[in-house]
Structure formats: structure tokens, C-alpha cells
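Here's the structure, in C-alpha cells; my notes come after.
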Amino acid sequence: MANGQITVRKARLSDLVALKKVLRETFEGTWLPHITQASARRYVETDLGGRYVQESWPEFTIAEIGGEIAGLIHWRGDFIEALHVRASRQGQGVGGSLLAHAEQAIRADGFRQARLETDTFNERAQSVYKALGYVEKDRYPDDEWDSGFTTVLFEKRLG
């Protein structure tokens with residue numbers, strides 16, 4: 001595999017440690033600066049990210065560059081549950097490759113749209129989603145983090 005080439009594949013059991021690392025890195029870089037100390041403590045103490053990976057990894061699709069996991073995506077039905085790209089790999093097409101893969105699978109399953117969420121503070125993610133054809137459909141309180149965030153729902157019509 002050429003260095004810099006993105007390979008998209010299903011997650012394997014042997015990826016678990018690396019997948020947990022990706023979630024930990026994106027939590028620390030994206031969420032931690034914005035959530036309350038109580039929410040951060042709850043996330044760490046309950047190993048929320050680690051448990052999510054442990055329970056859901058068979059449904060994950062990952063992107064690899066040079067044999068290293070660069071990001072992951074997880075969807076159910078037409079809803080993208082999670083998209084995480086390592087900070088060192090952002091801006092290299094990893095998120096776009098993962099979204100394109102998920103959109104193709106969602107379309108093949110008969111859905112006419114793909115949906116996903118982010119929070120208002122995550123302006124970088126919002127910019128990426130808009131650039132890839134996602135349109136804001138709704139805003140509502142984010143109850144997951146108990147930090148007063150507003151969630152933004154995006155949708156993309158699939159051809």
C-alpha cells in the first residue's frame with residue numbers, strides 16, 4: 001500500500017486497541033475542551049468510548065493509511081452514528097472517503113438520504129458536511145453531554 005493512500009475496510013477484532021485510541025484522541029481534541037468537568041469525568045470513569053467500541057466494533061468501517069487506522073465510521077439504517085478521524089489525519093480526505101463509503105452502503109440498502117449530527121461548537125465538522133452536500137435540517141438540545149450544547153442535524157439526499 002502506497003503511503004498516503006486511503007484504504008476503507010470493515011473493522012476486525014485485532015483493531016480494537018487502535019479503535020479505542022481513535023475515540024480517546026477525538027474525545028480529548030474535540031469534546032473535552034467544550035464539556036463540563038462533570039461530563040468529562042463521567043466519560044472517563046465509565047469508559048464510554050471504550051464500551052462503545054467494544055459493543056459496536058463489528059459494525060465499524062475504518063480508513064487506513066500506511067497500515068495505520070486513520071478514522072472510523074459507524075451507521076445504522078440511514079443514520080451515521082459516529083465519524084471519527086484522528087487529528088493527525090484530518091484534512092487528508094479520510095472523513096470524505098468514509099462518508100462516501102457509508103453513503104453508498106446506505107443507498108444500496110434502499111435509503112434515499114443519509115443523516116448525521118454534530119454540535120454547534122464543532123464548526124470544522126459542519127464545514128466538512130456542508131462541503132460534501134449535507135444540508136442542515138434541525139437544531140435541538142444535546143442531552144448526551146449535559147453541557148448545554150445544541151445538536152445540529154444534517155441530511156444528504158442520495159441519488
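Just so we're on the same page: first chain in the C-alpha cells is A, next is B, and so on; residues restart at 1 for each chain, and ligands are numbered from 1 in the order they show up.
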
Task: stretch 41-51 of chain A surroundings by only C-alpha atoms, 8 Å radius, close-in-sequence under 2 positions cut, as a list in words - done: Lys20, Leu23, Arg24, Gln37, Ala38, Ser39, Val53, Gln54 and Glu55 of chain A

Could you write those residues out with N, CA and C atoms, as a short mmCIF file (atom, residue, chain, number, x, y, z; two decimals), in the first residue's frame?
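What ended up in result.cif:
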```
data_model
loop_
_atom_site.label_atom_id
_atom_site.label_comp_id
_atom_site.auth_asym_id
_atom_site.auth_seq_id
_atom_site.Cartn_x
_atom_site.Cartn_y
_atom_site.Cartn_z
N LYS A 20 -10.13 2.15 19.97
CA LYS A 20 -10.31 2.85 21.25
C LYS A 20 -9.41 4.07 21.33
N LEU A 23 -11.01 6.93 19.33
CA LEU A 23 -12.08 7.58 20.09
C LEU A 23 -11.53 8.43 21.23
N ARG A 24 -10.51 7.94 21.92
CA ARG A 24 -9.92 8.71 23.01
C ARG A 24 -9.32 10.01 22.48
N GLN A 37 -16.65 19.72 33.47
CA GLN A 37 -15.76 18.79 34.16
C GLN A 37 -16.51 17.54 34.59
N ALA A 38 -17.76 17.70 35.01
CA ALA A 38 -18.56 16.55 35.43
C ALA A 38 -18.80 15.59 34.26
N SER A 39 -19.10 16.14 33.09
CA SER A 39 -19.31 15.29 31.92
C SER A 39 -18.03 14.58 31.52
N VAL A 53 -16.88 1.15 21.56
CA VAL A 53 -16.06 0.37 20.63
C VAL A 53 -16.26 -1.12 20.87
N GLN A 54 -16.18 -1.53 22.13
CA GLN A 54 -16.30 -2.95 22.48
C GLN A 54 -17.63 -3.53 21.99
N GLU A 55 -18.71 -2.76 22.13
CA GLU A 55 -20.04 -3.25 21.78
C GLU A 55 -20.33 -3.15 20.28
#
```

Open item on the list: For the structure I just gave you, how does DSSP split chain A - specifically, which residues are strand (DSSP E)? Reply as a VMD selection string.
Closed with: chain A and resid 6 to 10 60 to 65 68 to 76 79 to 85 113 to 119 135 to 141 150 to 157

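The residue set within 10 Å of A:Leu19, counting only C-alpha atoms and dropping same-chain residues fewer than 4 places from it, reads Ala11, Arg12, Leu13, Ser14, Asp15, Leu23, Arg24, Glu25, Gly49, Gly50, Val53, Gln54, Trp57, Phe60, Ile62, Ile69, Ala70, Gly71, Leu72 and His84 of chain A.
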
Task: DSSP alpha helix (DSSP H) residues within stretch 1-156 of chain A, as a PyMOL selection string - done: chain A and resi 16-26+37-45+48-56+94-108+123-131

Open item on the list: Considering only C-alpha atoms, can you say which of A:Val152, A:Val22, A:Ala114, A:Ile73 comes closest to A:Leu132?
Closed with: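 Selected residue with least distance to A:Leu132: A:Ala114.
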
Task: Between atom CA of A:Thr120 and atom CA of A:Pro141 - distance in Å to one decimal - done: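 The value is 10.3 Å.
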
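For the pair atom CA of A:Lys156 and atom CA of A:Arg115, the separation is 6.5 Å.
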
Open item on the list: Quick check, in Å to one decimal: how far apart do atom CA of A:Gly77 and atom CA of A:Ile106 lie?
Closed with: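 Between these atoms lies a distance of 6.7 Å.
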
Task: Option closest in space to A:Glu155, from A:Ala108, A:Asp119, A:Tyr52, A:Phe79 [counting only C-alpha atoms] - done: A:Phe79

Open item on the list: Under the rule that only C-alpha atoms are counted, which of A:Thr61, A:Gln90, A:Thr7, A:Ser147 is the nearest residue to A:Arg124?
Closed with: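 With only C-alpha atoms as the atom set, the closest residue is A:Gln90.
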
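Nearest to A:Gly96 of all the residues A:Ser56, A:Ser127, A:Gln113, A:Thr26 is A:Ser127, based on only C-alpha atoms.
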
- [ ] Counting only C-alpha atoms, figure out which residue out of A:Leu153, A:Asp146, A:Thr30, A:Arg89 gets nearest to A:Gly66.
- [x] A:Arg89

Open item on the list: I need the residue nearest A:Phe111 from this list: A:Ala18, A:Leu158, A:Val94, A:Val8. Use only C-alpha atoms for the distance.
Closed with: A:Leu158

Close residues, A:Ala105 itself excluded, 10 Å, only C-alpha atoms, min 4 positions apart in chain, as a PDB file with N, CA and C atoms, in the first residue's frame:
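Writing the result to result.pdb gives the following:
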```pdb
ATOM      1  N   TRP A  75     -22.646   3.373  11.035  1.00  0.00           N
ATOM      2  CA  TRP A  75     -24.012   3.785  10.704  1.00  0.00           C
ATOM      3  C   TRP A  75     -24.970   2.645  10.956  1.00  0.00           C
ATOM      4  N   GLY A  77     -29.014   1.876   9.578  1.00  0.00           N
ATOM      5  CA  GLY A  77     -30.064   2.383   8.697  1.00  0.00           C
ATOM      6  C   GLY A  77     -29.511   3.534   7.880  1.00  0.00           C
ATOM      7  N   ASP A  78     -30.191   4.680   7.940  1.00  0.00           N
ATOM      8  CA  ASP A  78     -29.721   5.854   7.200  1.00  0.00           C
ATOM      9  C   ASP A  78     -29.005   6.862   8.093  1.00  0.00           C
ATOM     10  N   LEU A  99     -17.319   8.782   4.571  1.00  0.00           N
ATOM     11  CA  LEU A  99     -18.705   9.178   4.300  1.00  0.00           C
ATOM     12  C   LEU A  99     -19.175   8.646   2.946  1.00  0.00           C
ATOM     13  N   ALA A 100     -18.334   8.729   1.925  1.00  0.00           N
ATOM     14  CA  ALA A 100     -18.709   8.220   0.602  1.00  0.00           C
ATOM     15  C   ALA A 100     -19.012   6.721   0.667  1.00  0.00           C
ATOM     16  N   HIS A 101     -18.193   5.981   1.409  1.00  0.00           N
ATOM     17  CA  HIS A 101     -18.420   4.546   1.567  1.00  0.00           C
ATOM     18  C   HIS A 101     -19.759   4.280   2.263  1.00  0.00           C
ATOM     19  N   ASP A 109     -28.875  -0.049   0.587  1.00  0.00           N
ATOM     20  CA  ASP A 109     -29.893  -0.606   1.485  1.00  0.00           C
ATOM     21  C   ASP A 109     -31.275  -0.008   1.240  1.00  0.00           C
ATOM     22  N   GLY A 110     -31.394   0.875   0.242  1.00  0.00           N
ATOM     23  CA  GLY A 110     -32.702   1.399  -0.145  1.00  0.00           C
ATOM     24  C   GLY A 110     -33.081   2.734   0.454  1.00  0.00           C
ATOM     25  N   PHE A 111     -32.183   3.372   1.172  1.00  0.00           N
ATOM     26  CA  PHE A 111     -32.499   4.674   1.760  1.00  0.00           C
ATOM     27  C   PHE A 111     -32.208   5.785   0.754  1.00  0.00           C
TER      28      PHE A 111
END
```
